[in-house]
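Student: Just one file: input14.cif, with mmCIF, C-alpha atoms.
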```cif
data_model
loop_
_atom_site.label_atom_id
_atom_site.label_comp_id
_atom_site.auth_asym_id
_atom_site.auth_seq_id
_atom_site.Cartn_x
_atom_site.Cartn_y
_atom_site.Cartn_z
CA MET A 468 -12.29 -6.03 3.74
CA SER A 469 -9.05 -4.65 2.36
CA TYR A 470 -7.83 -4.93 -1.24
CA THR A 471 -4.55 -6.58 -2.23
CA ALA A 472 -3.31 -5.85 -5.74
CA PRO A 473 -2.43 -9.05 -7.70
CA ILE A 474 0.98 -7.74 -8.74
CA LYS A 475 2.47 -11.19 -9.35
CA ASP A 476 -0.25 -12.13 -11.86
CA MET A 477 -0.05 -8.75 -13.56
CA LEU A 478 3.70 -8.92 -13.98
CA PHE A 479 3.46 -12.48 -15.36
CA ASP A 480 1.08 -11.22 -18.07
CA ILE A 481 3.19 -8.16 -18.78
CA GLU A 482 6.38 -10.20 -19.12
CA HIS A 483 5.27 -13.39 -20.82
CA LEU A 484 2.10 -12.50 -22.76
CA ALA A 485 2.35 -8.77 -23.50
CA ASN A 486 6.12 -9.19 -24.04
CA ILE A 487 7.20 -5.97 -22.33
CA GLY A 488 10.74 -6.65 -23.55
CA GLU A 489 9.56 -6.11 -27.14
CA ILE A 490 7.55 -3.03 -26.19
CA ALA A 491 10.67 -1.55 -24.60
CA LYS A 492 12.30 -1.69 -28.05
CA LEU A 493 9.71 0.73 -29.48
CA PRO A 494 10.68 4.40 -29.87
CA GLY A 495 9.99 6.30 -26.67
CA PHE A 496 9.61 3.19 -24.51
CA GLU A 497 13.30 2.33 -24.14
CA ASP A 498 13.19 2.72 -20.35
CA ALA A 499 9.86 0.93 -19.94
CA GLY A 500 11.00 -2.65 -19.47
CA LEU A 501 10.05 -5.21 -16.83
CA GLU A 502 12.06 -3.52 -14.07
CA THR A 503 10.19 -0.26 -14.64
CA ALA A 504 6.87 -2.08 -14.80
CA GLN A 505 7.52 -3.79 -11.46
CA ALA A 506 8.55 -0.55 -9.74
CA VAL A 507 5.49 1.31 -11.05
CA LEU A 508 3.06 -1.50 -10.16
CA GLU A 509 4.44 -1.84 -6.64
CA GLU A 510 4.10 1.89 -5.98
CA CYS A 511 0.64 1.94 -7.58
CA ALA A 512 -0.43 -0.97 -5.37
CA ARG A 513 0.67 0.84 -2.23
CA PHE A 514 -1.22 3.99 -3.21
CA ASN A 515 -4.44 2.18 -4.07
CA GLN A 516 -4.35 -0.16 -1.08
CA ASP A 517 -3.54 2.57 1.45
CA VAL A 518 -5.31 5.66 0.07
CA ILE A 519 -8.04 4.77 -2.44
CA ALA A 520 -9.45 1.43 -1.24
CA PRO A 521 -10.34 2.68 2.28
CA LEU A 522 -12.72 5.22 0.68
CA ASN A 523 -14.72 2.57 -1.18
CA VAL A 524 -17.23 1.81 1.58
CA ALA A 525 -17.39 5.48 2.55
CA GLY A 526 -18.53 6.29 -0.98
CA ASP A 527 -21.44 3.88 -0.69
CA ARG A 528 -22.50 5.15 2.72
CA ASN A 529 -21.98 8.83 2.00
CA PRO A 530 -22.33 9.36 -1.76
CA SER A 531 -21.81 12.53 -3.77
CA SER A 532 -24.48 15.15 -3.11
CA PHE A 533 -26.01 18.00 -5.09
CA LYS A 534 -27.13 21.37 -3.75
CA ASP A 535 -27.63 24.75 -5.43
CA GLY A 536 -25.86 23.71 -8.63
CA ALA A 537 -22.78 22.35 -6.89
CA VAL A 538 -21.68 18.75 -6.32
CA THR A 539 -19.84 17.73 -3.17
CA THR A 540 -18.02 14.43 -3.43
CA THR A 541 -17.65 11.84 -0.67
CA PRO A 542 -15.50 13.08 2.24
CA GLY A 543 -11.91 12.11 1.52
CA PHE A 544 -12.28 11.94 -2.27
CA LYS A 545 -11.00 15.46 -2.88
CA GLU A 546 -7.91 14.87 -0.75
CA ALA A 547 -7.27 11.47 -2.34
CA PHE A 548 -7.58 12.95 -5.83
CA ALA A 549 -5.01 15.60 -4.87
CA GLN A 550 -2.62 12.78 -3.95
CA TYR A 551 -3.47 10.99 -7.22
CA VAL A 552 -2.56 14.16 -9.14
CA ALA A 553 0.60 14.80 -7.09
CA GLY A 554 1.77 11.25 -7.79
CA GLY A 555 1.52 11.79 -11.55
CA TRP A 556 -0.92 8.90 -11.99
CA GLN A 557 -3.23 10.69 -14.43
CA GLY A 558 -0.38 11.24 -16.88
CA LEU A 559 1.16 7.80 -16.51
CA GLN A 560 0.51 6.65 -20.10
CA HIS A 561 0.25 10.06 -21.75
CA PRO A 562 2.98 11.87 -23.73
CA ALA A 563 5.90 13.52 -21.97
CA ASP A 564 5.43 16.44 -24.39
CA PHE A 565 2.40 17.44 -22.33
CA GLY A 566 3.80 16.59 -18.92
CA GLY A 567 2.93 12.89 -18.83
CA GLN A 568 5.27 10.04 -17.98
CA GLY A 569 5.03 8.52 -21.45
CA LEU A 570 4.80 4.91 -20.24
CA PRO A 571 3.17 2.15 -22.32
CA LYS A 572 -0.53 1.40 -21.99
CA THR A 573 0.61 -2.12 -21.08
CA ILE A 574 1.78 -0.73 -17.74
CA GLY A 575 -0.98 1.85 -17.47
CA ALA A 576 -3.71 -0.78 -17.93
CA ALA A 577 -2.52 -2.75 -14.91
CA CYS A 578 -2.53 0.44 -12.85
CA GLY A 579 -6.05 1.16 -14.10
CA GLU A 580 -7.20 -2.24 -12.92
CA MET A 581 -5.83 -1.56 -9.45
CA LEU A 582 -7.58 1.81 -9.25
CA ASN A 583 -10.93 0.32 -10.28
CA SER A 584 -10.58 -2.63 -7.90
CA ALA A 585 -9.75 -0.27 -5.06
CA ASN A 586 -12.65 2.11 -5.73
CA MET A 587 -14.56 2.20 -8.99
CA SER A 588 -16.55 5.30 -8.03
CA PHE A 589 -13.28 7.20 -7.67
CA ALA A 590 -11.69 5.63 -10.76
CA LEU A 591 -14.41 6.87 -13.11
CA CYS A 592 -13.13 10.44 -12.93
CA PRO A 593 -9.63 9.76 -14.33
CA LEU A 594 -11.15 7.25 -16.79
CA LEU A 595 -13.10 10.02 -18.53
CA SER A 596 -10.09 12.33 -18.46
CA ASP A 597 -8.01 9.66 -20.23
CA GLY A 598 -10.56 9.56 -23.04
CA ALA A 599 -10.67 13.34 -23.39
CA ILE A 600 -6.87 13.44 -23.55
CA GLU A 601 -6.74 10.79 -26.28
CA ALA A 602 -9.42 12.57 -28.32
CA LEU A 603 -7.61 15.91 -28.17
CA LEU A 604 -4.23 14.31 -28.91
CA THR A 605 -5.70 12.75 -32.06
CA ALA A 606 -8.14 15.36 -33.34
CA GLY A 607 -7.47 18.62 -31.48
CA SER A 608 -5.83 21.66 -33.06
CA ASP A 609 -2.45 22.84 -31.84
CA GLU A 610 -4.23 25.66 -30.03
CA LEU A 611 -6.60 23.30 -28.20
CA LYS A 612 -3.73 21.01 -27.29
CA ALA A 613 -1.71 23.93 -25.94
CA THR A 614 -4.65 25.21 -23.91
CA TYR A 615 -6.00 22.01 -22.40
CA LEU A 616 -3.71 19.01 -22.61
CA GLU A 617 -1.08 19.84 -20.02
CA LYS A 618 -3.68 20.54 -17.32
CA LEU A 619 -5.69 17.43 -18.27
CA VAL A 620 -2.59 15.23 -18.29
CA SER A 621 -1.51 16.55 -14.89
CA GLY A 622 -4.99 15.98 -13.45
CA GLN A 623 -5.40 19.62 -12.43
CA TRP A 624 -8.40 19.64 -14.77
CA THR A 625 -10.66 16.68 -15.54
CA GLY A 626 -12.53 15.72 -18.70
CA THR A 627 -16.00 14.46 -19.58
CA MET A 628 -17.80 12.87 -22.54
CA ASN A 629 -21.18 14.43 -23.44
CA LEU A 630 -23.20 12.31 -25.85
CA THR A 631 -26.55 11.31 -24.38
CA GLU A 632 -29.63 13.53 -24.31
CA PRO A 633 -33.10 12.95 -22.79
CA GLN A 634 -34.72 12.12 -26.15
CA ALA A 635 -31.70 10.46 -27.76
CA GLY A 636 -30.44 7.75 -25.41
CA SER A 637 -27.81 5.80 -27.34
CA ASP A 638 -29.29 6.86 -30.71
CA LEU A 639 -26.93 9.73 -31.48
CA ALA A 640 -28.72 10.46 -34.75
CA MET A 641 -31.33 12.16 -32.55
CA VAL A 642 -28.92 14.57 -30.86
CA ARG A 643 -30.54 18.04 -30.74
CA SER A 644 -27.93 20.12 -28.92
CA ARG A 645 -26.97 22.93 -31.25
CA ALA A 646 -23.90 25.07 -31.81
CA GLU A 647 -24.08 28.55 -33.33
CA PRO A 648 -20.92 29.93 -35.04
CA GLN A 649 -19.63 33.25 -33.71
CA PRO A 650 -17.59 35.91 -35.56
CA ASP A 651 -14.50 35.18 -33.41
CA GLY A 652 -14.41 31.51 -34.47
CA THR A 653 -15.98 30.16 -31.31
CA TYR A 654 -19.45 28.64 -31.06
CA LYS A 655 -22.33 29.09 -28.65
CA VAL A 656 -23.64 25.72 -27.47
CA PHE A 657 -27.22 25.07 -26.31
CA GLY A 658 -28.84 21.87 -25.07
CA THR A 659 -29.19 19.27 -22.35
CA LYS A 660 -26.86 16.32 -21.75
CA ILE A 661 -27.65 13.49 -19.34
CA PHE A 662 -25.70 10.67 -17.66
CA ILE A 663 -22.47 12.70 -17.65
CA THR A 664 -19.98 10.95 -15.39
CA TYR A 665 -18.23 13.47 -13.13
CA GLY A 666 -19.96 16.25 -15.10
CA GLU A 667 -19.76 18.35 -11.95
CA HIS A 668 -17.59 17.85 -8.85
CA ASP A 669 -15.28 19.59 -6.39
CA MET A 670 -12.04 17.66 -6.97
CA ALA A 671 -10.44 19.72 -9.78
CA GLN A 672 -10.03 23.38 -10.72
CA ASN A 673 -11.78 23.03 -14.07
CA ILE A 674 -13.84 20.49 -16.00
CA VAL A 675 -13.32 20.17 -19.76
CA HIS A 676 -16.48 18.90 -21.43
CA LEU A 677 -16.28 17.27 -24.87
CA VAL A 678 -19.75 17.83 -26.31
CA LEU A 679 -21.58 16.56 -29.38
CA ALA A 680 -23.82 19.17 -31.01
CA ARG A 681 -25.17 20.21 -34.43
CA VAL A 682 -24.20 23.32 -36.32
CA ALA A 683 -27.06 25.04 -38.19
CA GLY A 684 -27.53 23.54 -41.64
CA ALA A 685 -25.71 20.31 -40.80
CA PRO A 686 -26.85 17.07 -42.47
CA GLU A 687 -29.46 14.96 -40.69
CA GLY A 688 -28.43 11.96 -38.61
CA VAL A 689 -24.99 11.13 -37.30
CA LYS A 690 -23.31 12.73 -40.33
CA GLY A 691 -24.25 16.18 -39.04
CA ILE A 692 -22.73 15.97 -35.58
CA SER A 693 -19.75 18.08 -34.53
CA LEU A 694 -17.54 17.90 -31.44
CA PHE A 695 -16.78 20.85 -29.16
CA VAL A 696 -14.62 21.59 -26.15
CA VAL A 697 -16.77 23.43 -23.63
CA PRO A 698 -14.90 24.18 -20.38
CA LYS A 699 -16.64 24.82 -17.07
CA PHE A 700 -14.42 27.88 -16.70
CA LEU A 701 -13.14 29.76 -19.73
CA VAL A 702 -9.36 29.82 -20.10
CA ASN A 703 -7.45 33.08 -20.51
CA LYS A 704 -4.62 33.44 -23.03
CA ASP A 705 -2.05 33.08 -20.26
CA GLY A 706 -3.59 29.75 -19.20
CA SER A 707 -5.27 31.09 -16.08
CA LEU A 708 -8.96 30.49 -15.43
CA GLY A 709 -11.44 33.15 -16.48
CA GLU A 710 -15.16 33.55 -16.01
CA ARG A 711 -17.65 30.74 -15.51
CA ASN A 712 -18.99 29.35 -18.77
CA ASP A 713 -22.72 28.92 -19.40
CA VAL A 714 -22.82 25.22 -18.54
CA HIS A 715 -24.45 24.19 -15.29
CA CYS A 716 -25.34 21.01 -13.46
CA VAL A 717 -29.07 20.87 -12.70
CA SER A 718 -29.15 17.49 -10.94
CA ILE A 719 -27.28 14.24 -10.35
CA GLU A 720 -28.68 10.72 -10.62
CA HIS A 721 -29.69 8.62 -7.61
CA LYS A 722 -28.06 5.27 -8.28
CA MET A 723 -28.11 1.71 -6.95
CA GLY A 724 -24.33 1.39 -7.22
CA ILE A 725 -21.15 3.42 -7.74
CA LYS A 726 -22.92 6.05 -5.67
CA ALA A 727 -19.90 8.23 -5.00
CA SER A 728 -19.46 8.91 -8.72
CA PRO A 729 -21.68 11.90 -9.61
CA THR A 730 -23.65 11.32 -12.82
CA ALA A 731 -24.80 14.76 -13.88
CA VAL A 732 -27.50 16.37 -15.97
CA LEU A 733 -25.82 19.34 -17.64
CA GLN A 734 -27.63 22.32 -19.12
CA TYR A 735 -25.83 24.34 -21.80
CA GLY A 736 -26.75 27.87 -22.85
CA ASP A 737 -29.54 28.92 -20.50
CA HIS A 738 -27.88 32.31 -20.03
CA GLY A 739 -26.89 33.29 -23.54
CA GLY A 740 -24.91 30.30 -24.76
CA ALA A 741 -21.97 28.22 -23.56
CA ILE A 742 -18.72 29.12 -25.35
CA GLY A 743 -17.42 26.11 -27.24
CA TYR A 744 -14.41 25.42 -29.43
CA LEU A 745 -14.67 23.16 -32.47
CA VAL A 746 -12.57 20.00 -32.43
CA GLY A 747 -11.33 19.24 -35.94
CA GLN A 748 -13.87 19.89 -38.68
CA GLU A 749 -17.61 20.41 -38.58
CA ASN A 750 -19.78 17.28 -39.03
CA ARG A 751 -16.96 14.88 -38.09
CA GLY A 752 -17.76 14.91 -34.40
CA LEU A 753 -18.86 11.31 -34.08
CA GLU A 754 -15.64 10.15 -35.73
CA TYR A 755 -13.63 12.12 -33.16
CA MET A 756 -15.82 11.08 -30.27
CA PHE A 757 -15.20 7.43 -31.15
CA ILE A 758 -11.58 7.97 -30.13
CA MET A 759 -12.86 8.76 -26.66
CA MET A 760 -15.53 6.07 -26.78
CA ASN A 761 -13.03 3.36 -27.73
CA SER A 762 -10.73 4.48 -24.93
CA ALA A 763 -13.71 4.18 -22.58
CA ARG A 764 -14.66 0.77 -23.97
CA TYR A 765 -11.25 -0.64 -23.13
CA ALA A 766 -11.34 1.03 -19.71
CA VAL A 767 -14.81 -0.36 -18.97
CA GLY A 768 -13.54 -3.81 -19.90
CA MET A 769 -10.77 -3.27 -17.36
CA GLN A 770 -13.44 -2.31 -14.82
CA GLY A 771 -15.04 -5.71 -15.30
CA ILE A 772 -11.74 -7.43 -14.55
CA ALA A 773 -11.15 -5.13 -11.59
CA ILE A 774 -14.53 -5.80 -10.01
CA ALA A 775 -14.17 -9.55 -10.69
CA GLU A 776 -10.82 -9.52 -8.88
CA ARG A 777 -12.24 -7.62 -5.91
CA ALA A 778 -15.24 -9.97 -5.79
CA TYR A 779 -12.95 -12.99 -5.88
CA GLN A 780 -10.90 -11.63 -2.99
CA HIS A 781 -14.08 -11.05 -0.98
CA ALA A 782 -15.34 -14.55 -1.80
CA VAL A 783 -12.09 -16.22 -0.74
CA ALA A 784 -11.98 -14.25 2.50
CA TYR A 785 -15.57 -15.22 3.31
CA ALA A 786 -15.01 -18.87 2.41
CA ARG A 787 -12.08 -19.03 4.81
CA GLU A 788 -14.19 -17.68 7.68
CA ARG A 789 -17.63 -19.25 7.15
CA VAL A 790 -17.87 -22.60 8.97
CA GLN A 791 -20.55 -24.97 7.65
CA SER A 792 -20.75 -28.79 7.67
CA ARG A 793 -18.14 -31.46 7.01
CA PRO A 794 -16.62 -31.66 3.53
CA VAL A 795 -18.30 -34.39 1.46
CA ASP A 796 -14.92 -35.79 0.39
CA GLY A 797 -14.21 -36.92 3.94
CA SER A 798 -11.10 -34.77 4.24
CA MET A 799 -12.28 -33.45 7.64
CA ASN A 800 -14.53 -35.07 10.26
CA THR A 801 -15.80 -31.83 11.81
CA SER A 802 -17.53 -28.73 10.51
CA ALA A 803 -15.05 -26.76 8.46
CA PRO A 804 -14.67 -23.40 6.72
CA ILE A 805 -16.50 -23.72 3.44
CA ILE A 806 -13.30 -23.22 1.44
CA HIS A 807 -12.62 -26.90 2.21
CA HIS A 808 -15.80 -28.02 0.41
CA PRO A 809 -14.96 -29.28 -3.11
CA ASP A 810 -17.80 -27.43 -4.83
CA VAL A 811 -16.86 -24.14 -3.17
CA LYS A 812 -13.28 -24.71 -4.30
CA ARG A 813 -14.59 -25.29 -7.83
CA MET A 814 -16.56 -22.04 -7.79
CA LEU A 815 -13.64 -20.04 -6.44
CA MET A 816 -11.24 -21.49 -8.97
CA THR A 817 -13.70 -20.76 -11.78
CA MET A 818 -13.85 -17.13 -10.65
CA ARG A 819 -10.08 -16.97 -10.53
CA ALA A 820 -9.67 -18.59 -13.94
CA TYR A 821 -12.08 -16.19 -15.65
CA THR A 822 -10.46 -13.18 -14.00
CA GLU A 823 -6.92 -14.23 -14.83
CA GLY A 824 -7.89 -15.13 -18.39
CA CYS A 825 -9.52 -11.75 -18.96
CA ARG A 826 -6.55 -9.95 -17.40
CA ALA A 827 -4.22 -11.81 -19.76
CA MET A 828 -6.35 -10.81 -22.74
CA SER A 829 -6.43 -7.17 -21.65
CA SER A 830 -2.66 -7.12 -21.25
CA VAL A 831 -2.15 -8.47 -24.76
CA ALA A 832 -4.64 -5.90 -26.10
CA ALA A 833 -2.75 -3.08 -24.38
CA ALA A 834 0.49 -4.30 -25.94
CA ALA A 835 -1.18 -4.29 -29.36
CA TYR A 836 -2.27 -0.69 -28.73
CA ASP A 837 1.30 0.27 -27.83
CA ALA A 838 2.65 -1.34 -31.00
CA ALA A 839 -0.02 0.27 -33.17
CA HIS A 840 0.75 3.75 -31.85
CA HIS A 841 4.52 3.59 -31.48
CA HIS A 842 5.93 1.06 -33.92
CA PRO A 843 8.12 2.76 -36.56
CA ASP A 844 6.60 0.56 -39.29
CA ALA A 845 3.03 1.77 -39.82
#
```
Translate this file's structure into structure tokens.
Tutor:
Amino acid sequence: MSYTAPIKDMLFDIEHLANIGEIAKLPGFEDAGLETAQAVLEECARFNQDVIAPLNVAGDRNPSSFKDGAVTTTPGFKEAFAQYVAGGWQGLQHPADFGGQGLPKTIGAACGEMLNSANMSFALCPLLSDGAIEALLTAGSDELKATYLEKLVSGQWTGTMNLTEPQAGSDLAMVRSRAEPQPDGTYKVFGTKIFITYGEHDMAQNIVHLVLARVAGAPEGVKGISLFVVPKFLVNKDGSLGERNDVHCVSIEHKMGIKASPTAVLQYGDHGGAIGYLVGQENRGLEYMFIMMNSARYAVGMQGIAIAERAYQHAVAYARERVQSRPVDGSMNTSAPIIHHPDVKRMLMTMRAYTEGCRAMSSVAAAAYDAAHHHPDA
């Protein structure tokens, strides 16, 4: 079935709970009031309903595939991502200084929900890029920002988060990937990372990996982890792409769900070492990575709301079509669509209440984020 974005509910939350009028008083958000929010959400709804949602089933039936080190995404994904980039959607809530639209997260979060409802497999790619952008904005050097942010914000390049390793799981104290300092200030990175969402794909010109690794002599445990930018293709001084870096996809996971999203196993340094660039200071990598992780945590919460909304829409559509028995309340004397049965109504309204309640909470949280990052009074 098709997807219909719940714009009315979203705008209610944005206006009355997130108080977009107050957000529009913050420096940089002066043009981001309710009228702007409505225009953006309506355009976002059209894009997701017409372009992204129709690829959802296709992604399940024809998932991403791996062959000879390359990943081919579901037919139509590459073209849809090009439209996503052309529309400026990746940079919606990112700074205008790096080519973004500079809109509040309060508006961006609603757009993120639509994208995930329409097609979560597709939405995971920009989700990881958002986190990489936030991490570099907060902890990256001026040189790293100048090299990577504009292309990440535009969507020409995508980002990943590389934490997990075969022996480590979620226990990052056991990370073994290592980084060796080089005379020119770069590092050579060696190791294996698993469960890397969109770690390899064919939708963007370059993939910017943010990688946790240990420098020789670092303290044991999480206190000895550093964070590195390791691009798929090295970047020349003029911003053009150079030679292929020594990071390669060796397989992708076979999954029960979100099949169109390639989850990669990445191998670093099998041919002399992958060139990496330190983010911030050595041994503070986990602190920096938490910027990206917290961005992802909020986004994954939005995914839950998005999937709940899509499930509710499916359930209502089915309940309107499925004919079964007479309602027990005597409201009809013939077999009726099950949406007329009181208990089915109760279940549907419970779904709707949970979804709307969570959406309201997420909208308020986004507004708090906007205030925390843009309010003149720290």
Student: Ranking A:Ser588, A:Gln550, A:Asn712, A:Ser830 by minimum distance to Phe479 (chain A) and counting only C-alpha atoms, which one comes first?
Tutor: A:Ser830
Student: Give me the residues within 6 Å of region 518-531 of chain A as a list in words, counting all atoms listed in the file and dropping any in the same chain fewer than 3 places off.
Tutor: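 Close residues of region 518-531 of chain A: Phe514, Asn515, Thr539, Thr540, Thr541, Ala585, Asn586, Lys726, Ala727 and Pro729 of chain A.
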Student: Could you tell me which residues the PyMOL selection byres ((chain A and resi 657) around 7) grabs in this file, written as a ChimeraX atom specification?
Tutor: /A:644-646,655-656,658,735-736,740-741
Student: Specify the axis-aligned box that encloses all atoms of region 702-716 of chain A listed in the file after padding of 5 Å on each side, stating its centre and edge lengths in Å to one decimal as AutoDock Vina command-line options.
Tutor:
```
--center_x -13.7 --center_y 27.3 --center_z -18.2 --size_x 33.3 --size_y 22.5 --size_z 19.6
```
Student: Care to translate the PyMOL selection byres ((chain A and resi 733) around 8) into actual residues of this file, as a compact mmCIF listing (two decimals) with C-alpha atoms, in the coordinates of the input?
Tutor:
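In the end it all went to part29.txt:
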```txt
# COMPACT_ATOMS: atom_id res chain seq x y z
CA THR A 659 -29.19 19.27 -22.35
CA LYS A 660 -26.86 16.32 -21.75
CA ILE A 661 -27.65 13.49 -19.34
CA ILE A 663 -22.47 12.70 -17.65
CA GLY A 666 -19.96 16.25 -15.10
CA VAL A 714 -22.82 25.22 -18.54
CA HIS A 715 -24.45 24.19 -15.29
CA CYS A 716 -25.34 21.01 -13.46
CA VAL A 717 -29.07 20.87 -12.70
CA SER A 718 -29.15 17.49 -10.94
CA ALA A 731 -24.80 14.76 -13.88
CA VAL A 732 -27.50 16.37 -15.97
CA GLN A 734 -27.63 22.32 -19.12
CA TYR A 735 -25.83 24.34 -21.80
```
Student: Please determine, counting only C-alpha atoms, which residue among A:Gly739, A:Pro593, A:Gly652, A:Gly688 has the shortest atom-to-atom distance to Ser762 (chain A).
Tutor: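 Looking only at the distances to Ser762 (chain A), the closest residue turns out to be A:Pro593.
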Student: Evaluate the PyMOL selection byres ((chain A and resi 680) around 7) on the structure here and hand back the selected residues as a VMD selection string.
Tutor: chain A and resid 642 to 646 678 to 679 681 to 682 692 to 694
